[in-house]
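Shown below: start33.cif, with mmCIF, C-alpha atoms (C1' of nucleotides).
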data_entry
#
loop_
_atom_site.label_atom_id
_atom_site.label_comp_id
_atom_site.auth_asym_id
_atom_site.auth_seq_id
_atom_site.Cartn_x
_atom_site.Cartn_y
_atom_site.Cartn_z
CA MET A 1 114.66 111.59 132.72
CA ALA A 2 118.39 111.63 133.65
CA ASP A 3 118.68 114.97 131.83
CA GLU A 4 120.81 113.49 129.06
CA PRO A 5 124.33 113.42 130.57
CA PRO A 6 126.27 113.97 127.33
CA HIS A 7 126.16 117.71 126.74
CA GLU A 8 126.00 118.67 123.08
CA ARG A 9 128.81 121.00 122.28
CA ALA A 10 127.91 124.43 120.99
CA ASP A 11 129.82 124.11 117.73
CA ALA A 12 128.24 120.73 117.10
CA ALA A 13 124.74 122.16 117.48
CA ARG A 14 125.60 125.13 115.28
CA ASN A 15 127.00 122.88 112.59
CA ARG A 16 124.02 120.57 112.70
CA ASP A 17 121.66 123.46 112.10
CA ALA A 18 123.87 124.81 109.33
CA ILE A 19 123.96 121.43 107.62
CA LEU A 20 120.21 120.94 107.83
CA ALA A 21 119.55 124.43 106.53
CA ALA A 22 121.97 123.98 103.65
CA ALA A 23 120.55 120.58 102.80
CA SER A 24 116.96 121.84 102.81
CA ARG A 25 117.89 124.76 100.61
CA LEU A 26 119.81 122.60 98.16
CA VAL A 27 116.99 120.09 97.93
CA ASP A 28 114.71 122.92 96.87
CA GLU A 29 117.29 124.33 94.46
CA VAL A 30 118.75 121.34 92.67
CA GLY A 31 116.42 118.56 93.70
CA VAL A 32 117.11 115.43 95.68
CA GLU A 33 118.93 113.62 92.89
CA GLY A 34 121.30 116.43 92.04
CA LEU A 35 122.46 116.86 95.60
CA SER A 36 125.88 115.55 96.60
CA MET A 37 127.24 115.22 100.11
CA ASP A 38 130.37 117.20 99.17
CA CYS A 39 128.11 119.94 97.94
CA VAL A 40 126.10 120.06 101.16
CA ALA A 41 129.27 120.06 103.24
CA HIS A 42 130.72 122.94 101.28
CA ALA A 43 127.48 124.93 101.37
CA ALA A 44 127.24 124.46 105.13
CA GLY A 45 130.87 125.45 105.57
CA VAL A 46 131.89 122.19 107.25
CA GLY A 47 134.00 119.20 106.30
CA LYS A 48 132.56 116.04 104.91
CA GLY A 49 133.57 114.10 108.00
CA THR A 50 131.41 116.33 110.17
CA LEU A 51 128.46 115.75 107.92
CA PHE A 52 128.73 111.99 108.12
CA ARG A 53 129.42 112.16 111.84
CA ARG A 54 126.08 113.85 112.46
CA PHE A 55 123.89 112.02 109.96
CA GLU A 56 125.72 108.77 109.37
CA SER A 57 124.80 108.54 105.68
CA ARG A 58 123.10 110.28 102.82
CA GLU A 59 119.99 108.35 103.70
CA GLY A 60 120.18 109.68 107.26
CA LEU A 61 120.55 113.25 106.09
CA MET A 62 117.54 112.92 103.81
CA ALA A 63 115.53 111.44 106.64
CA ALA A 64 116.45 114.42 108.80
CA VAL A 65 115.41 116.85 106.07
CA LEU A 66 112.17 114.96 105.59
CA ASN A 67 111.56 114.82 109.30
CA ARG A 68 110.16 118.31 109.66
CA SER A 69 107.24 117.83 107.25
CA GLU A 70 106.72 114.34 108.56
CA THR A 71 106.24 115.49 112.16
CA GLU A 72 104.03 118.27 110.86
CA TRP A 73 101.83 115.65 109.27
CA GLN A 74 101.81 113.57 112.41
CA SER A 75 100.63 116.43 114.55
CA ALA A 76 97.96 117.24 111.97
CA VAL A 77 96.74 113.67 112.32
CA LEU A 78 96.93 113.68 116.09
CA ALA A 79 95.66 117.14 116.87
CA GLY A 80 94.71 118.94 113.68
CA PRO A 81 91.24 119.84 112.44
CA PRO A 82 88.87 117.06 111.39
CA PRO A 83 88.36 114.99 109.38
CA LEU A 84 92.09 114.26 109.47
CA GLY A 85 92.42 115.11 113.15
CA PRO A 86 90.17 113.99 115.99
CA GLY A 87 86.52 114.97 116.02
CA ALA A 88 85.24 113.20 112.93
CA ALA A 89 83.92 109.67 112.63
CA ALA A 90 86.63 107.03 112.52
CA TYR A 91 85.75 105.98 109.00
CA ASP A 92 86.01 109.53 107.73
CA ARG A 93 89.27 109.98 109.53
CA LEU A 94 90.61 106.85 107.91
CA LEU A 95 89.69 108.05 104.44
CA ALA A 96 91.10 111.51 105.12
CA MET A 97 94.30 109.96 106.37
CA GLY A 98 94.74 107.90 103.23
CA HIS A 99 94.12 110.83 100.92
CA SER A 100 96.48 113.04 102.88
CA ARG A 101 99.15 110.37 102.99
CA LEU A 102 98.81 109.74 99.28
CA ARG A 103 99.36 113.40 98.42
CA LEU A 104 102.26 113.63 100.81
CA ASN A 105 103.91 110.56 99.32
CA VAL A 106 103.54 112.03 95.85
CA THR A 107 104.92 115.47 96.65
CA HIS A 108 107.80 114.18 98.73
CA GLY A 109 108.35 111.05 96.68
CA ALA A 110 111.97 111.69 95.76
CA LEU A 111 112.88 112.62 99.31
CA ILE A 112 111.12 109.61 100.76
CA LYS A 113 112.85 107.25 98.38
CA ALA A 114 116.21 108.85 99.16
CA ALA A 115 115.51 108.45 102.87
CA THR A 116 114.48 104.81 102.45
CA GLY A 117 117.71 103.27 101.24
CA SER A 118 118.81 99.68 101.44
CA SER A 119 118.65 99.43 105.21
CA GLY A 120 115.39 101.32 105.44
CA ALA A 121 115.76 101.50 109.22
CA ARG A 122 115.79 105.26 108.93
CA SER A 123 112.20 105.81 107.94
CA ARG A 124 110.78 102.83 109.74
CA ALA A 125 109.66 105.10 112.56
CA ALA A 126 107.63 107.27 110.22
CA ALA A 127 105.87 104.23 108.80
CA ALA A 128 105.24 102.91 112.29
CA PHE A 129 103.28 106.00 113.17
CA ALA A 130 100.90 105.63 110.26
CA ILE A 131 100.50 101.94 110.96
CA MET A 132 99.68 102.61 114.59
CA HIS A 133 97.15 105.22 113.65
CA VAL A 134 95.37 103.01 111.13
CA ARG A 135 95.39 100.21 113.61
CA TYR A 136 93.73 102.45 116.15
CA LEU A 137 91.07 103.59 113.69
CA LEU A 138 90.35 100.01 112.64
CA GLY A 139 89.85 99.17 116.29
CA GLU A 140 87.44 102.07 116.69
CA LEU A 141 85.51 100.76 113.70
CA GLY A 142 85.10 97.37 115.33
CA VAL A 143 87.14 95.57 112.71
CA ASP A 144 88.51 92.31 114.00
CA GLY A 145 91.47 90.28 112.84
CA ASP A 146 95.21 90.91 112.85
CA LEU A 147 94.90 94.68 113.02
CA PRO A 148 98.59 95.62 112.75
CA LEU A 149 99.03 93.58 109.61
CA LEU A 150 95.73 94.70 108.23
CA ALA A 151 96.90 98.26 108.77
CA ILE A 152 100.07 97.55 106.80
CA ALA A 153 98.01 96.04 104.01
CA ILE A 154 95.86 99.16 103.86
CA LEU A 155 98.86 101.46 103.76
CA ALA A 156 100.97 99.44 101.34
CA PRO A 157 99.20 100.55 98.14
CA LEU A 158 99.87 104.17 99.10
CA ASP A 159 103.61 103.62 99.14
CA ILE A 160 105.50 105.82 96.72
CA THR A 161 106.86 102.88 94.74
CA MET A 162 103.35 101.56 94.16
CA ILE A 163 102.09 104.99 93.21
CA GLU A 164 104.89 105.47 90.69
CA GLN A 165 104.18 102.07 89.23
CA GLN A 166 100.61 103.14 88.60
CA GLN A 167 101.52 106.59 87.36
CA ALA A 168 103.74 104.93 84.76
CA ASP A 169 100.51 103.54 83.34
CA ASP A 170 98.88 106.99 83.32
CA VAL A 171 96.57 106.24 86.20
CA THR A 172 95.33 109.48 87.73
CA LEU A 173 95.53 110.28 91.41
CA GLU A 174 91.76 110.52 91.56
CA ARG A 175 91.41 107.00 90.29
CA ILE A 176 94.00 105.73 92.75
CA GLU A 177 92.14 107.49 95.53
CA ALA A 178 88.81 106.02 94.51
CA ALA A 179 90.23 102.51 94.30
CA TRP A 180 91.82 102.93 97.71
CA ASP A 181 88.50 104.08 99.19
CA ASP A 182 86.95 100.94 97.77
CA LEU A 183 89.67 98.81 99.32
CA VAL A 184 89.09 100.39 102.72
CA ARG A 185 85.38 99.84 102.43
CA ARG A 186 85.89 96.14 101.73
CA VAL A 187 88.34 95.69 104.57
CA VAL A 188 86.19 97.49 107.09
CA ALA A 189 83.04 95.68 105.95
CA GLY A 190 84.81 92.45 106.85
CA MET B 1 108.06 89.25 62.22
CA ALA B 2 110.72 91.04 60.12
CA ASP B 3 113.28 88.44 61.32
CA GLU B 4 115.13 91.02 63.37
CA PRO B 5 117.38 92.78 60.82
CA PRO B 6 120.27 93.54 63.21
CA HIS B 7 122.34 90.37 63.40
CA GLU B 8 123.84 89.74 66.81
CA ARG B 9 127.54 89.25 66.42
CA ALA B 10 128.97 85.96 67.61
CA ASP B 11 131.41 87.49 70.11
CA ALA B 12 128.63 89.64 71.54
CA ALA B 13 126.45 86.62 72.21
CA ARG B 14 129.35 84.69 73.70
CA ASN B 15 130.22 87.59 75.99
CA ARG B 16 126.64 88.04 77.11
CA ASP B 17 126.43 84.42 78.16
CA ALA B 18 129.78 84.63 79.92
CA ILE B 19 128.71 87.73 81.82
CA LEU B 20 125.41 86.23 82.92
CA ALA B 21 127.09 83.02 84.01
CA ALA B 22 129.75 84.88 85.96
CA ALA B 23 127.18 87.16 87.56
CA SER B 24 124.95 84.27 88.63
CA ARG B 25 127.91 82.43 90.09
CA LEU B 26 129.16 85.47 91.96
CA VAL B 27 125.72 86.21 93.36
CA ASP B 28 125.71 82.73 94.85
CA GLU B 29 129.27 83.07 96.11
CA VAL B 30 129.52 86.54 97.60
CA GLY B 31 125.90 87.65 97.66
CA VAL B 32 124.22 90.49 95.85
CA GLU B 33 125.67 93.24 98.04
CA GLY B 34 129.27 92.10 97.79
CA LEU B 35 129.23 92.00 94.02
CA SER B 36 130.95 94.76 92.07
CA MET B 37 130.70 95.40 88.38
CA ASP B 38 134.49 95.38 88.01
CA CYS B 39 134.50 92.00 89.66
CA VAL B 40 131.87 90.59 87.29
CA ALA B 41 133.70 92.01 84.29
CA HIS B 42 136.97 90.46 85.37
CA ALA B 43 135.36 87.10 86.17
CA ALA B 44 133.68 87.05 82.78
CA GLY B 45 136.92 88.00 81.04
CA VAL B 46 135.52 91.15 79.45
CA GLY B 47 136.02 94.87 79.91
CA LYS B 48 133.71 96.97 82.01
CA GLY B 49 132.50 98.88 78.98
CA THR B 50 131.21 95.66 77.44
CA LEU B 51 129.31 94.85 80.58
CA PHE B 52 127.55 98.19 80.65
CA ARG B 53 126.95 98.02 76.92
CA ARG B 54 124.94 94.83 77.30
CA PHE B 55 123.11 95.51 80.55
CA GLU B 56 123.11 99.28 80.83
CA SER B 57 123.50 99.36 84.61
CA ARG B 58 123.99 97.27 87.69
CA GLU B 59 120.24 97.26 88.07
CA GLY B 60 119.87 95.89 84.56
CA LEU B 61 122.36 93.12 85.18
CA MET B 62 120.56 92.11 88.35
CA ALA B 63 117.26 92.08 86.53
CA ALA B 64 118.78 89.80 83.90
CA VAL B 65 120.09 87.44 86.58
CA LEU B 66 116.72 87.47 88.30
CA ASN B 67 114.91 86.92 85.05
CA ARG B 68 115.44 83.18 84.87
CA SER B 69 113.69 82.34 88.15
CA GLU B 70 111.08 84.97 87.44
CA THR B 71 110.05 83.40 84.14
CA GLU B 72 110.13 80.02 85.83
CA TRP B 73 107.59 81.29 88.33
CA GLN B 74 105.47 82.78 85.59
CA SER B 75 105.25 79.51 83.71
CA ALA B 76 104.40 77.71 86.95
CA VAL B 77 101.52 80.14 87.37
CA LEU B 78 100.38 79.87 83.77
CA ALA B 79 100.87 76.18 83.15
CA GLY B 80 102.10 74.44 86.28
CA PRO B 81 100.22 72.03 88.55
CA PRO B 82 97.28 73.32 90.60
CA PRO B 83 96.51 75.05 92.83
CA LEU B 84 99.09 77.55 91.55
CA GLY B 85 98.53 76.61 87.94
CA PRO B 86 95.22 76.19 86.14
CA GLY B 87 92.81 73.48 87.25
CA ALA B 88 91.95 74.67 90.74
CA ALA B 89 89.21 77.05 91.81
CA ALA B 90 90.05 80.71 91.24
CA TYR B 91 90.02 81.49 94.94
CA ASP B 92 92.47 78.69 95.72
CA ARG B 93 94.67 79.79 92.85
CA LEU B 94 94.68 83.31 94.24
CA LEU B 95 95.75 82.15 97.68
CA ALA B 96 98.37 79.81 96.24
CA MET B 97 99.72 82.64 94.14
CA GLY B 98 100.08 84.92 97.11
CA HIS B 99 101.84 82.34 99.20
CA SER B 100 104.17 81.44 96.38
CA ARG B 101 104.90 85.07 95.62
CA LEU B 102 105.56 85.79 99.26
CA ARG B 103 108.13 83.01 99.53
CA LEU B 104 109.76 84.05 96.28
CA ASN B 105 110.02 87.65 97.41
CA VAL B 106 111.64 86.55 100.64
CA THR B 107 114.20 84.20 99.10
CA HIS B 108 115.13 86.59 96.29
CA GLY B 109 114.70 89.74 98.31
CA ALA B 110 118.21 91.09 97.90
CA LEU B 111 118.21 90.41 94.18
CA ILE B 112 114.79 91.96 93.70
CA LYS B 113 115.77 95.09 95.58
CA ALA B 114 118.98 95.35 93.56
CA ALA B 115 116.99 95.00 90.35
CA THR B 116 114.46 97.61 91.43
CA GLY B 117 116.66 100.67 91.62
CA SER B 118 115.65 104.30 91.42
CA SER B 119 114.11 104.09 87.97
CA GLY B 120 112.41 100.79 88.66
CA ALA B 121 111.51 100.49 85.00
CA ARG B 122 113.56 97.30 84.90
CA SER B 123 111.32 95.12 87.00
CA ARG B 124 108.06 96.78 86.07
CA ALA B 125 107.39 94.00 83.60
CA ALA B 126 107.65 91.33 86.26
CA ALA B 127 105.20 93.18 88.49
CA ALA B 128 102.85 93.66 85.56
CA PHE B 129 102.55 89.93 85.09
CA ALA B 130 101.46 89.33 88.66
CA ILE B 131 99.02 92.22 88.50
CA MET B 132 97.51 90.88 85.31
CA HIS B 133 97.13 87.43 86.80
CA VAL B 134 95.44 88.68 89.97
CA ARG B 135 93.20 90.87 87.91
CA TYR B 136 92.16 87.87 85.87
CA LEU B 137 91.45 85.78 88.97
CA LEU B 138 89.43 88.58 90.53
CA GLY B 139 87.38 88.71 87.36
CA GLU B 140 86.78 84.96 87.53
CA LEU B 141 85.61 85.39 91.12
CA GLY B 142 83.01 87.93 90.06
CA VAL B 143 84.62 90.77 91.97
CA ASP B 144 83.60 94.12 90.61
CA GLY B 145 85.32 97.45 90.90
CA ASP B 146 88.60 98.82 89.57
CA LEU B 147 90.20 95.42 89.15
CA PRO B 148 93.71 96.49 88.04
CA LEU B 149 94.09 98.78 91.04
CA LEU B 150 92.49 96.27 93.36
CA ALA B 151 95.04 93.76 92.11
CA ILE B 152 97.86 96.16 92.96
CA ALA B 153 96.40 96.68 96.41
CA ILE B 154 96.33 92.94 96.99
CA LEU B 155 99.92 92.48 95.84
CA ALA B 156 101.38 95.52 97.58
CA PRO B 157 101.61 93.97 101.07
CA LEU B 158 103.64 91.09 99.60
CA ASP B 159 106.32 93.47 98.35
CA ILE B 160 109.75 92.75 99.77
CA THR B 161 110.01 96.17 101.42
CA MET B 162 106.75 95.58 103.29
CA ILE B 163 107.81 92.09 104.29
CA GLU B 164 111.12 93.33 105.64
CA GLN B 165 109.34 96.01 107.58
CA GLN B 166 107.25 93.36 109.27
CA GLN B 167 110.13 90.99 109.81
CA ALA B 168 111.94 93.78 111.65
CA ASP B 169 109.15 93.48 114.21
CA ASP B 170 109.62 89.70 114.44
CA VAL B 171 106.42 88.89 112.59
CA THR B 172 106.56 85.34 111.28
CA LEU B 173 105.89 84.41 107.69
CA GLU B 174 102.96 82.27 108.80
CA ARG B 175 101.31 85.25 110.44
CA ILE B 176 101.92 87.41 107.38
CA GLU B 177 100.40 84.70 105.24
CA ALA B 178 97.34 84.38 107.46
CA ALA B 179 96.78 88.12 107.51
CA TRP B 180 97.09 88.23 103.74
CA ASP B 181 94.56 85.44 103.36
CA ASP B 182 92.20 87.48 105.52
CA LEU B 183 92.79 90.53 103.36
CA VAL B 184 91.97 88.57 100.22
CA ARG B 185 88.82 87.18 101.80
CA ARG B 186 87.61 90.68 102.63
CA VAL B 187 88.37 92.03 99.19
CA VAL B 188 86.71 89.16 97.38
CA ALA B 189 83.69 89.22 99.69
CA GLY B 190 83.13 92.79 98.51
"C1'" DG C 1 144.17 132.10 133.32
"C1'" DG C 2 146.21 127.55 132.66
"C1'" DT C 3 145.73 122.62 132.06
"C1'" DT C 4 143.56 118.55 130.53
"C1'" DT C 5 140.69 115.59 127.93
"C1'" DA C 6 137.20 113.89 125.31
"C1'" DA C 7 134.70 115.34 121.64
"C1'" DA C 8 134.25 117.45 117.19
"C1'" DC C 9 136.50 118.65 113.09
"C1'" DG C 10 138.02 118.35 108.02
"C1'" DG C 11 139.99 116.79 104.07
"C1'" DA C 12 142.89 113.15 101.98
"C1'" DC C 13 141.74 108.81 100.62
"C1'" DC C 14 139.19 104.44 98.87
"C1'" DG C 15 136.15 101.51 96.06
"C1'" DC C 16 132.19 101.72 93.40
"C1'" DG C 17 128.90 102.64 89.49
"C1'" DG C 18 128.95 104.70 85.19
"C1'" DT C 19 130.95 107.14 80.85
"C1'" DC C 20 134.02 107.98 76.92
"C1'" DC C 21 136.67 107.23 73.17
"C1'" DG C 22 140.52 105.25 70.66
"C1'" DT C 23 141.20 100.41 69.14
"C1'" DT C 24 139.96 95.90 67.59
"C1'" DT C 25 137.14 92.56 65.27
"C1'" DG C 26 133.36 90.00 63.13
"C1'" DC C 27 131.22 89.80 58.89
"C1'" DA C 28 129.56 91.12 54.23
"C1'" DT C 29 130.98 92.23 49.65
"C1'" DT C 30 134.02 91.88 45.76
"C1'" DA D 1 142.29 86.81 49.88
"C1'" DA D 2 141.70 91.65 50.24
"C1'" DT D 3 138.83 95.52 51.62
"C1'" DG D 4 135.49 98.38 54.18
"C1'" DC D 5 132.81 99.42 57.96
"C1'" DA D 6 129.61 99.17 61.54
"C1'" DA D 7 129.58 97.06 65.76
"C1'" DA D 8 131.74 95.49 69.78
"C1'" DC D 9 135.48 96.00 72.82
"C1'" DG D 10 138.21 97.52 77.07
"C1'" DG D 11 140.32 100.24 80.28
"C1'" DA D 12 141.45 105.02 81.63
"C1'" DC D 13 138.77 108.28 83.67
"C1'" DC D 14 135.10 110.85 86.59
"C1'" DG D 15 132.11 112.06 90.53
"C1'" DC D 16 129.97 110.07 94.26
"C1'" DG D 17 129.12 108.01 98.99
"C1'" DG D 18 131.64 106.69 102.80
"C1'" DT D 19 135.91 106.06 105.97
"C1'" DC D 20 140.06 107.27 108.60
"C1'" DC D 21 143.05 109.65 111.30
"C1'" DG D 22 145.91 113.53 112.58
"C1'" DT D 23 144.49 118.16 114.25
"C1'" DT D 24 141.71 121.52 116.61
"C1'" DT D 25 138.67 123.14 120.16
"C1'" DA D 26 134.84 123.58 123.61
"C1'" DA D 27 134.30 123.25 128.17
"C1'" DA D 28 135.08 121.16 132.93
"C1'" DC D 29 138.36 121.42 136.69
"C1'" DC D 30 142.04 123.53 139.34
#

As structure tokens, how would this structure be written, given the file I've shared?
Amino acid sequence: MADEPPHERADAARNRDAILAAASRLVDEVGVEGLSMDCVAHAAGVGKGTLFRRFESREGLMAAVLNRSETEWQSAVLAGPPPLGPGAAAYDRLLAMGHSRLRLNVTHGALIKAATGSSGARSRAAAAFAIMHVRYLLGELGVDGDLPLLAIAILAPLDITMIEQQQADDVTLERIEAAWDDLVRRVVAG
Amino acid sequence: MADEPPHERADAARNRDAILAAASRLVDEVGVEGLSMDCVAHAAGVGKGTLFRRFESREGLMAAVLNRSETEWQSAVLAGPPPLGPGAAAYDRLLAMGHSRLRLNVTHGALIKAATGSSGARSRAAAAFAIMHVRYLLGELGVDGDLPLLAIAILAPLDITMIEQQQADDVTLERIEAAWDDLVRRVVAG
DNA sequence: GGTTTAAACGGACCGCGGTCCGTTTGCATT
DNA sequence: AATGCAAACGGACCGCGGTCCGTTTAAACC
């Protein structure tokens, strides 16, 4: 445990909360695109340097803002009511997970893209969770093969960039969902 | 036909070529990341306004630079030697296409990401070609279902962002390729 | 309470992508 | 050759993300 030696200073903690609150509010007010770091700094009553000290980059700040809903989703998957959470058959859980993830990617699309900049290291952890979960469900279903990569392949079409590509062609969410269900069926059937 | 009414002025054409040549050279020299629009403009001997007039944005310029190798690949798929080109069995062509696309995405990763900015409209056309081709091959193989969306699902794991995600976990290209082959087998098997 | 020190702070500063607008220039018409 | 004009040009300009460094301050120790 080691009880994390480096104490976090009180003002630092206060500022971090202020920044996150301001950022969340501004995202709701002016949208992800129309949000500048100067603006967040001013709204939080801190200097720009402080902002970058805590969150490293715009991408990092967006990831932090996104983090709350992301962990919410994770706990819904891990411990929420079925069929998303435990208690339902693995196949149903897998389908529920995909549908839920699809909706989440659509509603938080702008935020997710902003949090997945060039490096992308930021949101890798979030993706890893979904991959691990799918991998686990595939195992439960008795699927054999390279499960981690198969999990990635199943999740890839749900990515926001893929969804936007399809929406540009006026494909409805229902159709995307149905096609994804079909994909899962084929993969699981082996 | 209409013989395109708006004549392209001679200086405009000359400048466009100069810009593209300079941009291609600089991409090779300093890489995609280390390339600034001012730098390209100066190297091409034109003003920055001219550069943005022709290519609209950095993303657009990158797409134009990428375009040459992209069309090369497309003609290899449409009319090159088998198994990538016509003449081989549809299933072999599908596998060859995936492998080829995977390698291309890896080697041109930085350029592709730079050409696929926030709007993404730039490189939508390139993606559409691959989708159409996979859709056609799936049809030849007698696969039934929502072929356009199934084609997207097959191509999605080959996307550069997915590949980089896997490479961050030290997954080799050979393993990615094998897992993708397995995915294709499952999808085609129905 | 006073002293010390490492951490946090903040805003001036930089280079970049992108825009704007006054100026120049290719080309058609006479 | 002279004229007219739409199109192309180019560089000053703007806001943004990100960095740097001199200044301030929380908190541990005496």

Closest atom pairs, residues of chain D within 10 Å of stretch 45-51 of chain A, only C-alpha atoms (C1' of nucleotides), as a tab-separated table:
residue	atom	partner	partner_atom	distance
D:DG18	C1'	A:Gly49	CA	9.3
D:DT19	C1'	A:Gly49	CA	8.6
D:DC20	C1'	A:Gly49	CA	9.4

Considering only C-alpha atoms, extract the chain B residues located within 8 Å of chain A and return them as a list in words. Arg124, Gly145, Asp146, Leu149, Leu150, Ile152, Ala153, Ile154, Ala156, Pro157, Met162, Gln165, Ile176, Ala179, Trp180, Asp182, Leu183, Arg186, Val187, Ala189 and Gly190 of chain B

Atoms to include: C-alpha atoms. Write the selected residues as a PDB file, keeping the file's coordinate frame.
ATOM      1  CA  ARG B 124     108.060  96.780  86.070  1.00  0.00           C
ATOM      2  CA  GLY B 145      85.320  97.450  90.900  1.00  0.00           C
ATOM      3  CA  ASP B 146      88.600  98.820  89.570  1.00  0.00           C
ATOM      4  CA  LEU B 149      94.090  98.780  91.040  1.00  0.00           C
ATOM      5  CA  LEU B 150      92.490  96.270  93.360  1.00  0.00           C
ATOM      6  CA  ILE B 152      97.860  96.160  92.960  1.00  0.00           C
ATOM      7  CA  ALA B 153      96.400  96.680  96.410  1.00  0.00           C
ATOM      8  CA  ILE B 154      96.330  92.940  96.990  1.00  0.00           C
ATOM      9  CA  ALA B 156     101.380  95.520  97.580  1.00  0.00           C
ATOM     10  CA  PRO B 157     101.610  93.970 101.070  1.00  0.00           C
ATOM     11  CA  MET B 162     106.750  95.580 103.290  1.00  0.00           C
ATOM     12  CA  GLN B 165     109.340  96.010 107.580  1.00  0.00           C
ATOM     13  CA  ILE B 176     101.920  87.410 107.380  1.00  0.00           C
ATOM     14  CA  ALA B 179      96.780  88.120 107.510  1.00  0.00           C
ATOM     15  CA  TRP B 180      97.090  88.230 103.740  1.00  0.00           C
ATOM     16  CA  ASP B 182      92.200  87.480 105.520  1.00  0.00           C
ATOM     17  CA  LEU B 183      92.790  90.530 103.360  1.00  0.00           C
ATOM     18  CA  ARG B 186      87.610  90.680 102.630  1.00  0.00           C
ATOM     19  CA  VAL B 187      88.370  92.030  99.190  1.00  0.00           C
ATOM     20  CA  ALA B 189      83.690  89.220  99.690  1.00  0.00           C
ATOM     21  CA  GLY B 190      83.130  92.790  98.510  1.00  0.00           C
TER      22      GLY B 190
END

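Selected on chain A by distance to chain C: Pro6, His7, Glu8, Arg9, Ala10, Asp11, Ala12, Ala13, Arg14, Asn15, Arg16, Asp38, Ala41, His42, Gly45, Val46, Gly47, Lys48, Gly49, Thr50, Leu51, Phe52, Arg53 and Arg54 of chain A (within 12 Å, counting only C-alpha atoms (C1' of nucleotides)).
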
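Here atom CA of B:Ala126 is placed at a distance of 28.8 Å from atom CA of A:Ala126.
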
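Distance annotation: of A:Thr172, A:Ser24, A:Ser123, A:Ser57, the residue with the minimal separation from chain D is A:Ser57; atom set is only C-alpha atoms (C1' of nucleotides).
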
Pairwise distance, atom CA of B:Thr107 with atom CA of B:Gln74, equals 16.1 Å

Translate the PyMOL selection byres ((chain D) within 8 of (chain A)) into a concrete residue list for this structure, as number ranges by chain. D: 16-18, 26

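Computed from the coordinates, the atom CA of A:Glu174 to atom CA of A:Pro83 distance equals 18.7 Å.
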
Can you list, as an MDAnalysis selection string, the residues that the PyMOL selection byres ((chain B and resi 94) around 10) selects here? chainID B and resid 83:85 88:93 95:100 133:138 141 181 184

Centre, edges in Å (one decimal): axis-aligned box, stretch 4-19 of chain C, 6 Å padding on all six sides, as lines of an AutoDock Vina configuration file:
center_x = 136.2
center_y = 110.1
center_z = 105.7
size_x = 26.7
size_y = 29.1
size_z = 61.7

Only C-alpha atoms, please: stretch 12-43 of chain A from the block, as a PDB file, in the first residue's frame.
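To be explicit, this is the file written out as decode.pdb:
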ATOM      1  CA  ALA A  12      -3.946  21.593  -5.459  1.00  0.00           C
ATOM      2  CA  ALA A  13      -6.926  19.393  -4.633  1.00  0.00           C
ATOM      3  CA  ARG A  14      -9.244  22.396  -4.471  1.00  0.00           C
ATOM      4  CA  ASN A  15      -8.031  23.644  -7.827  1.00  0.00           C
ATOM      5  CA  ARG A  16      -8.374  20.244  -9.428  1.00  0.00           C
ATOM      6  CA  ASP A  17     -11.991  20.027  -8.379  1.00  0.00           C
ATOM      7  CA  ALA A  18     -12.644  23.579  -9.525  1.00  0.00           C
ATOM      8  CA  ILE A  19     -11.117  22.857 -12.926  1.00  0.00           C
ATOM      9  CA  LEU A  20     -13.081  19.658 -13.417  1.00  0.00           C
ATOM     10  CA  ALA A  21     -16.312  21.328 -12.379  1.00  0.00           C
ATOM     11  CA  ALA A  22     -15.711  24.271 -14.691  1.00  0.00           C
ATOM     12  CA  ALA A  23     -14.761  22.002 -17.563  1.00  0.00           C
ATOM     13  CA  SER A  24     -17.846  19.817 -17.137  1.00  0.00           C
ATOM     14  CA  ARG A  25     -20.079  22.854 -17.006  1.00  0.00           C
ATOM     15  CA  LEU A  26     -18.496  24.428 -20.067  1.00  0.00           C
ATOM     16  CA  VAL A  27     -18.751  21.212 -22.044  1.00  0.00           C
ATOM     17  CA  ASP A  28     -22.485  21.235 -21.380  1.00  0.00           C
ATOM     18  CA  GLU A  29     -22.780  24.933 -22.177  1.00  0.00           C
ATOM     19  CA  VAL A  30     -20.673  25.493 -25.261  1.00  0.00           C
ATOM     20  CA  GLY A  31     -19.906  21.968 -26.360  1.00  0.00           C
ATOM     21  CA  VAL A  32     -16.601  20.183 -26.635  1.00  0.00           C
ATOM     22  CA  GLU A  33     -15.455  22.001 -29.765  1.00  0.00           C
ATOM     23  CA  GLY A  34     -16.139  25.486 -28.504  1.00  0.00           C
ATOM     24  CA  LEU A  35     -14.184  24.982 -25.318  1.00  0.00           C
ATOM     25  CA  SER A  36     -10.745  26.569 -25.001  1.00  0.00           C
ATOM     26  CA  MET A  37      -8.187  25.892 -22.298  1.00  0.00           C
ATOM     27  CA  ASP A  38      -7.889  29.619 -21.537  1.00  0.00           C
ATOM     28  CA  CYS A  39     -11.617  29.694 -21.056  1.00  0.00           C
ATOM     29  CA  VAL A  40     -11.602  26.763 -18.640  1.00  0.00           C
ATOM     30  CA  ALA A  41      -8.718  28.275 -16.698  1.00  0.00           C
ATOM     31  CA  HIS A  42     -10.508  31.582 -16.352  1.00  0.00           C
ATOM     32  CA  ALA A  43     -13.807  29.959 -15.383  1.00  0.00           C
TER      33      ALA A  43
END
